[in-house]
8 protein chains.
Amino acid sequence: MSPDDAAVARLDHRRAGRTGEPEVVYGEGKSPATVARLLAELLAGGSCPVLATRCGPAHAAAMPDAEYDPVARLLVARAAAPQPELGTVVVACAGTSDLPVAREATGTLGAFGVTCDLVADVGVAGIHRVLAEGDRLAGASVCIVVAGMEAALPTVVAGLVACPVVGVPTSVGYGASFQGLAALLGMLTACAPGISVVNIDNGFGAALVARRILRAGRR
Amino acid sequence: MSPDDAAVARLDHRRAGRTGEPEVVYGEGKSPATVARLLAELLAGGSCPVLATRCGPAHAAAMPDAEYDPVARLLVARAAAPQPELGTVVVACAGTSDLPVAREATGTLGAFGVTCDLVADVGVAGIHRVLAEGDRLAGASVCIVVAGMEAALPTVVAGLVACPVVGVPTSVGYGASFQGLAALLGMLTACAPGISVVNIDNGFGAALVARRILRAGRR
Amino acid sequence: MSPDDAAVARLDHRRAGRTGEPEVVYGEGKSPATVARLLAELLAGGSCPVLATRCGPAHAAAMPDAEYDPVARLLVARAAAPQPELGTVVVACAGTSDLPVAREATGTLGAFGVTCDLVADVGVAGIHRVLAEGDRLAGASVCIVVAGMEAALPTVVAGLVACPVVGVPTSVGYGASFQGLAALLGMLTACAPGISVVNIDNGFGAALVARRILRAGRR
Amino acid sequence: MSPDDAAVARLDHRRAGRTGEPEVVYGEGKSPATVARLLAELLAGGSCPVLATRCGPAHAAAMPDAEYDPVARLLVARAAAPQPELGTVVVACAGTSDLPVAREATGTLGAFGVTCDLVADVGVAGIHRVLAEGDRLAGASVCIVVAGMEAALPTVVAGLVACPVVGVPTSVGYGASFQGLAALLGMLTACAPGISVVNIDNGFGAALVARRILRAGRR
Amino acid sequence: MSPDDAAVARLDHRRAGRTGEPEVVYGEGKSPATVARLLAELLAGGSCPVLATRCGPAHAAAMPDAEYDPVARLLVARAAAPQPELGTVVVACAGTSDLPVAREATGTLGAFGVTCDLVADVGVAGIHRVLAEGDRLAGASVCIVVAGMEAALPTVVAGLVACPVVGVPTSVGYGASFQGLAALLGMLTACAPGISVVNIDNGFGAALVARRILRAGRR
Amino acid sequence: MSPDDAAVARLDHRRAGRTGEPEVVYGEGKSPATVARLLAELLAGGSCPVLATRCGPAHAAAMPDAEYDPVARLLVARAAAPQPELGTVVVACAGTSDLPVAREATGTLGAFGVTCDLVADVGVAGIHRVLAEGDRLAGASVCIVVAGMEAALPTVVAGLVACPVVGVPTSVGYGASFQGLAALLGMLTACAPGISVVNIDNGFGAALVARRILRAGRR
Amino acid sequence: MSPDDAAVARLDHRRAGRTGEPEVVYGEGKSPATVARLLAELLAGGSCPVLATRCGPAHAAAMPDAEYDPVARLLVARAAAPQPELGTVVVACAGTSDLPVAREATGTLGAFGVTCDLVADVGVAGIHRVLAEGDRLAGASVCIVVAGMEAALPTVVAGLVACPVVGVPTSVGYGASFQGLAALLGMLTACAPGISVVNIDNGFGAALVARRILRAGRR
Amino acid sequence: MSPDDAAVARLDHRRAGRTGEPEVVYGEGKSPATVARLLAELLAGGSCPVLATRCGPAHAAAMPDAEYDPVARLLVARAAAPQPELGTVVVACAGTSDLPVAREATGTLGAFGVTCDLVADVGVAGIHRVLAEGDRLAGASVCIVVAGMEAALPTVVAGLVACPVVGVPTSVGYGASFQGLAALLGMLTACAPGISVVNIDNGFGAALVARRILRAGRR
């Protein structure tokens, strides 16, 4: 039995009932065949949505009916119906290098039927760019802010809006960025209120936090 | 001019209009007289609530009309009216050593009029304790989970509830806890979805994140 | 003389007499030919068991009579007879990604003739899973608990059983898991008594600790 | 309510039934009155043994009937009866500076009725010292090895005995010892089999691991 | 001979000729008497300016003719004549807690006769504050930007001005700010061009860098 | 849309007006086709200079009219006219391994029309080498000092000249150099005044800081 | 028995025969009475030299016949006869703040009868200072170089002399010096050959290394 | 001009006169042709010895007349005549994985004509092994001790011999060895006197320190 085979046997079909989130496949380190088999099993079980994160083109080729976003490295085999009444998640990112993480977030939200709006390339080195997007930010029920290097964007955004801000530090950068450590520490010590943080490069996790926040307001 | 005097001159009375949170005084390192003067200024300006965090007994003595919680080190000079329609925040903490941080969160929420429920001493070393509190957890619109050392509680809670979980690592512990670093890394790498994290010992910050989440649902 | 040749000359045939553990070959960084030669030498010397850790398929191919587990990356050329009277080691792991380390432990224990029981996929994000395995945990003389990311499982297990718990942090995770550092710090600061910890990913080492514990009780 | 008062209300009287270890009071940061009250409550509840760790002379003065060891900073209000049939724990320490941690271990074991033998001052800079204690080491069912600085002693001991070795790194040292980090990393990467490690300065924790090991052999 | 006495003997009177900066006394850890004697020696030697950094009130009391700023902890025994033709240094700081470091910079510049303009309390959590100071920033030949916590201000400023920006991370903050490490890494990885960084809390060092920059333009 | 395509859409043509620096393309991680397209767009827009950093031979091949320096990994599609009146930047480096970073600095300066002088191989292990270059150092309006390992060169240079020194730590070295961390900490704690520091290996950033310094003097 | 009493019982009188160094008392954390008793015991045993390191004035007062250096914090109860034939150790230090560590080295060497020459205040920020001491450096059989902050001095010295250089990083500095870490990494990565390093602030250890080197040459 | 070409131009032919060590080529990252050219230049210049470190088989193939040791990765184009009167360097290593570093040391010493004795595989997990080599250790004028993982061997050796011990931490190990950091910290905090340390994996550097020590004794 290969490690991949071992993985197949262990899908948790009960998760959705408990927490509202179905099982999602983490593609990194799994073979295309295994990812395909896991997605097929989830499709057969009626899970919704059905998706796999951190997938390469080979995974996509093994699952030709699924929708694949090569920037986000996301493979969506079944998307939930749109749920606009939950509100909108604005996903803002500082630079184009942060796009893969930002789109992992937007792609995940889309698969869950959550409306989202991607505000890209609003790094604070050109502060006019984020200020010019004030209306879009004001339309958010939650903001996900994705930034690497010094990760100053969440502080600026949290000072402009009244909704919760979920920060996603990215591993973008070199030298003293130490694979995202600088961005992580920067977001954790942000001087604006209303910011909480997920793991480095974890666009998927931020999307699920945002969805829980939207649903919290509807209870 | 002393550093304290310098601080007096700089209250930002406009913050509430922009983000919904009034200015709050950070007491640590400020003299009792300065804290009292700042709170008086905010009271006179009509700010609501009016509070100071990280205050000792001497700060409290300088502000005899304010309510003081020595566990939370919180000085509340004016509290907002209760707003039960926003929903309830459950604040759970792992051990009694985490209580000061947990009560900084509950005290802050109380000052803002947010209903909260403190579920103390439910560390996962006796897992029955957190399981026994299932109903209280289920009543939450947001959970704040406060834990030091290995900080396993947020993962367990996030697997039991469907609402957002805000983790607060604490500096409780010694040796390899490295002043809260172990707890911080543990929460950031939690294997359950729906968790985001604030700075070490930042009960106040978690309360403001929770309040933004509650308000997000009411927009 | 290549480094591999140098290694061949240095097997310590006296170790078993001193500590009860024969020499074991560490395969990583050695050529298949060298591993095969070392195992052959140990077989010829009457050592028991004879095994090599961290071996790939090429090592296995060079030693066709040995039993190879590709998940554990373990090559067993001679196994000891079963010794059920020593008691049972339960090896619990949090997720499927931790399986290679868990099976390095079970495979090593098996080669030494120790009875073991693998309880996989009982991560605390779905706490019911570990609680449902209470009977199997109760049957343990020693528990080895393998977990990456925030590594909360050892705390939960140590609060459920009365036997010693040996924690093995794994390098599973990304970002703030820092190659197993988060899991390592988490286990070292666990708030439950009875836990001790071995190096990151060291399933083999945990197995030998567990075997020493079993034998300690029989002196 | 002070933090100390809060602590009083939360003793877990059920722990002994579950894991075999009664609740133990952690004295650091608690007032003498609080520690005395907690110990009195445990005495009244029939708990055995009843002890508090990390206590200073003021705590001892508040509990005059308890036995106090100022080196170990341990306050024992009721000791369990001796249980020599469990076997002997040898506690070895490298230098006199490690004695407080070593004696926290021996004092805890003594309170639990476990036989132990303290082998002090056997640092490997004078290797003859540890070799001269071979007979005492050979009498151990478990060895606890306490060492700071480069922490080489566990490796040497684990190569001399066949029983499990529990390493306790200490914060003894300065400069590049980084409050015990050097010793911790040293023990985790020890090249001898059979070693597992507890938190820095955690003599109490090592004692409980050792006791679990002794009891594992008697099941 | 005490360490202070030893220090007295070693003033480098030649430094000004080589690099344009006279010897400056670092007060921390030196007795008031020693600081006074060193300043007197420099005054007698004709050095200009004559100042001591990191001085407390006791140092000031021992040197009654010198000007003392308790916020900056700076003791100026002789200031240079104003040199407005060199241009203006704007010193911007994010919060009131950063004031001591900012004023160490402005006080040092003042002692050297350099014109400077302190723009305080322009943290990016209220981005309007820094934008409102555009004219003052535009008047700078050099900007020194002082910030703790996530230290986002240098990036924003460097994107608004064309002059060099010297960042001074401060140790302001707690938890994941790790005594200024978060701010330091943030400034080093800033995504705007034109920023260079000095040591944590080194307002004095930033002032000397700024002065060298001003003089560079006049060669 | 590939990540490269996404990048194409986002060039900030307004940057030069605001800060005096046009947009520059960061080549690492972008395809040769994308870099070529971005450079072409900047050329068409009239930007000056037009360059891309961190480019390999494949990028150069895709842009045959641009000038390529394989040591600096710099691709210059249009250089600005020489501006000798701004003064000279001396770029000094400690060893030949630091040359790529030093030449990223000189190449960037050259593209901006700034006069520079590369003083290579003046590591302080042979102190006569840097002393012998005193005249060239004295001719500088700004010194950029590039050094890896213990990075002692900036301190020595800053003690010899009166102009600002911009330190660039490099990732040259192994073991305890920790990818440039040793050099970075060394430069930040340099005991000579007048030094500020940019990110590890950031020759480009140092060049832009130096250019801002030169221009500061001409305002 | 107090910890101090425990320490008294454990002097290793055999060390000198084995390694040539008698037992030396580490004063930090021991009471004056204990240090005095230990020194008396060593004097009575005929040990030579007899000294205690890291002693304060109270230790000195308890041992009035011993010679005390308050800068080095060294208490010498019996010094060995001078041994000029072994050669001279030059101890060089960068700044006056490094003097306590440098004099711990010279005081220890003096107590062992080794000739030494203290070359103070030759930091490389004024490179002429170390060059001016060329003759004294050339007279060394071994150089001990003591430096904090960026610790560039060992590299410069090792490039000037042919004898072994023993580097002692000091904890002098603030911010990014991280209690001597910057200096330690700097010395370990020094680009000049012939340098080896001891622990931070360990002037005593460097003295013993130097003495072993001198004696190595006389075998 | 390629980086390799740049390197060719910069050999320092004067080093031997100053410090007694000729220039040595560092092969890593240089092309075989460049290494060959540099060695040829040194041969032509009369340098002695002539060697290159960190060379692979391709470098060796480009320099067929030089002697190549693939374990040490050392290429010796001209060796100095044996100089037995300097004394013997014993190079001890803990495990076979440390052999490449140990043999970089012995190969370098050999090229310089220094007598050395390699004592391999004497890790302290089998303490009898190092004790059995007492006579060889006693014959040393200097000991180089090479060890990875917890690096306990230098402490044991320094307690057995009276000569200087030069520790070389290696990057051997995984997990908490953190690429040699555990070994480095362990050696720096060793509790035996007479140990100094060089950079991780720096067998070459240790050899040059040892040679300087031998020569120090002959002045």
# chains A, B, ... in the order shown; residues from 1 in each chain; ligands from 1

call {"tool": "select_by_dssp", "arguments": {"residues": "segment 69-159 of chain B", "states": "alpha helix (DSSP H)", "output": "list in words"}}
result
Leu99, Pro100, Val101, Ala102, Arg103, Glu104, Ala105, Thr106, Gly107, Thr108, Leu109, Gly110, Ala111, Ile127, His128, Arg129, Val130, Leu131, Gly134, Asp135, Arg136, Leu137, Ala138, Leu153, Pro154, Thr155, Val156, Val157 and Ala158 of chain B

call {"tool": "interface_residues", "arguments": {"of": "chain F", "to": "chain G", "cutoff": "6 Å", "atoms": "only C-alpha atoms", "output": "VMD selection string"}}
result
chain F and resid 124 to 126 149 to 150 152 155 to 156 159 176 to 177 182 185 to 186 189 to 190 192

call {"tool": "atom_distance", "arguments": {"atom1": "atom CA of Ala92 of chain H", "atom2": "atom CA of Val122 of chain H"}}
result
7.3 Å

call {"tool": "select_by_dssp", "arguments": {"residues": "segment 64-141 of chain B", "states": "strand (DSSP E)", "output": "ChimeraX atom specification"}}
result
/B:67-69,74-78,88-93,115-119

call {"tool": "closest_residue", "arguments": {"among": "D:Ala60, D:Leu99, D:Ile144, D:Ala111", "to": "Ala80 of chain D", "atoms": "only C-alpha atoms"}}
result
D:Ala111

call {"tool": "residues_around", "arguments": {"residues": "Cys116 of chain D", "least_positions_apart": "4", "cutoff": "9 Å", "atoms": "only C-alpha atoms", "output": "list in words"}}
result
Gly87, Thr88, Val89, Val90, Val91, Thr106, Leu109, Gly110 and Ala140 of chain D

call {"tool": "atom_distance", "arguments": {"atom1": "atom CA of Ala138 of chain B", "atom2": "atom CA of Val24 of chain A"}}
result
23.6 Å

call {"tool": "closest_residue", "arguments": {"among": "G:Val130, G:Asp121, G:Asp98, G:Ile213", "to": "Cys143 of chain H", "atoms": "only C-alpha atoms"}}
result
G:Ile213

call {"tool": "residues_around", "arguments": {"residues": "Leu214 of chain D", "least_positions_apart": "3", "cutoff": "12 Å", "atoms": "only C-alpha atoms", "output": "PyMOL selection string"}}
result
(chain C and resi 141-142+162-164+194+212-219) or (chain D and resi 83-89+109+112-116+140-143+163-164+207-211+217-219)

call {"tool": "write_last_selection", "arguments": {"atoms": "C-alpha atoms", "output": "PDB file, in the first residue's frame"}}
result
ATOM      1  CA  SER C 141       1.299  -0.238  27.826  1.00  0.00           C
ATOM      2  CA  VAL C 142       2.843   2.687  25.992  1.00  0.00           C
ATOM      3  CA  ALA C 162      -2.455   6.253  32.482  1.00  0.00           C
ATOM      4  CA  CYS C 163       0.488   4.868  30.499  1.00  0.00           C
ATOM      5  CA  PRO C 164       3.526   6.839  29.274  1.00  0.00           C
ATOM      6  CA  GLY C 194       3.213  11.811  31.300  1.00  0.00           C
ATOM      7  CA  ARG C 212      12.848   0.189  26.510  1.00  0.00           C
ATOM      8  CA  ILE C 213       9.756   1.189  28.488  1.00  0.00           C
ATOM      9  CA  LEU C 214       8.139  -2.208  27.927  1.00  0.00           C
ATOM     10  CA  ARG C 215      11.312  -3.986  28.998  1.00  0.00           C
ATOM     11  CA  ALA C 216      11.710  -1.712  32.047  1.00  0.00           C
ATOM     12  CA  GLY C 217       8.525  -3.169  33.425  1.00  0.00           C
ATOM     13  CA  ARG C 218       9.824  -6.706  33.077  1.00  0.00           C
ATOM     14  CA  ARG C 219      13.054  -6.345  34.992  1.00  0.00           C
TER      15      ARG C 219
ATOM     16  CA  GLN D  83       6.229   1.513  46.759  1.00  0.00           C
ATOM     17  CA  PRO D  84       9.608  -0.191  46.324  1.00  0.00           C
ATOM     18  CA  GLU D  85       8.118  -2.946  44.178  1.00  0.00           C
ATOM     19  CA  LEU D  86       7.753  -0.448  41.305  1.00  0.00           C
ATOM     20  CA  GLY D  87      11.538  -0.352  40.884  1.00  0.00           C
ATOM     21  CA  THR D  88      14.072   2.428  41.258  1.00  0.00           C
ATOM     22  CA  VAL D  89      14.431   5.685  39.343  1.00  0.00           C
ATOM     23  CA  LEU D 109       9.064  10.828  43.102  1.00  0.00           C
ATOM     24  CA  PHE D 112       4.580   9.527  45.145  1.00  0.00           C
ATOM     25  CA  GLY D 113       6.326   6.743  47.113  1.00  0.00           C
ATOM     26  CA  VAL D 114       8.710   5.902  44.288  1.00  0.00           C
ATOM     27  CA  THR D 115      12.228   4.819  45.276  1.00  0.00           C
ATOM     28  CA  CYS D 116      14.911   6.958  43.765  1.00  0.00           C
ATOM     29  CA  ALA D 140      17.674   1.727  37.508  1.00  0.00           C
ATOM     30  CA  SER D 141      14.357   0.831  35.936  1.00  0.00           C
ATOM     31  CA  VAL D 142      14.300   4.346  34.520  1.00  0.00           C
ATOM     32  CA  CYS D 143      16.994   7.023  34.391  1.00  0.00           C
ATOM     33  CA  CYS D 163      16.438   1.196  30.517  1.00  0.00           C
ATOM     34  CA  PRO D 164      14.556   4.263  29.222  1.00  0.00           C
ATOM     35  CA  ALA D 207       9.176  12.421  37.566  1.00  0.00           C
ATOM     36  CA  LEU D 208       5.642  11.819  36.366  1.00  0.00           C
ATOM     37  CA  VAL D 209       6.869  10.317  33.088  1.00  0.00           C
ATOM     38  CA  ALA D 210       9.158   8.023  35.080  1.00  0.00           C
ATOM     39  CA  ARG D 211       6.345   6.969  37.367  1.00  0.00           C
ATOM     40  CA  GLY D 217       5.637  -2.508  33.532  1.00  0.00           C
ATOM     41  CA  ARG D 218       3.241  -3.630  36.229  1.00  0.00           C
ATOM     42  CA  ARG D 219       0.061  -3.727  34.193  1.00  0.00           C
TER      43      ARG D 219
END

call {"tool": "atom_distance", "arguments": {"atom1": "atom CA of Ser31 of chain D", "atom2": "atom CA of His59 of chain D"}}
result
7.4 Å

call {"tool": "residues_around", "arguments": {"residues": "Val198 of chain F", "least_positions_apart": "6", "cutoff": "8 Å", "atoms": "only C-alpha atoms", "output": "ChimeraX atom specification"}}
result
/E:188,195-197 /F:166-169,205-206
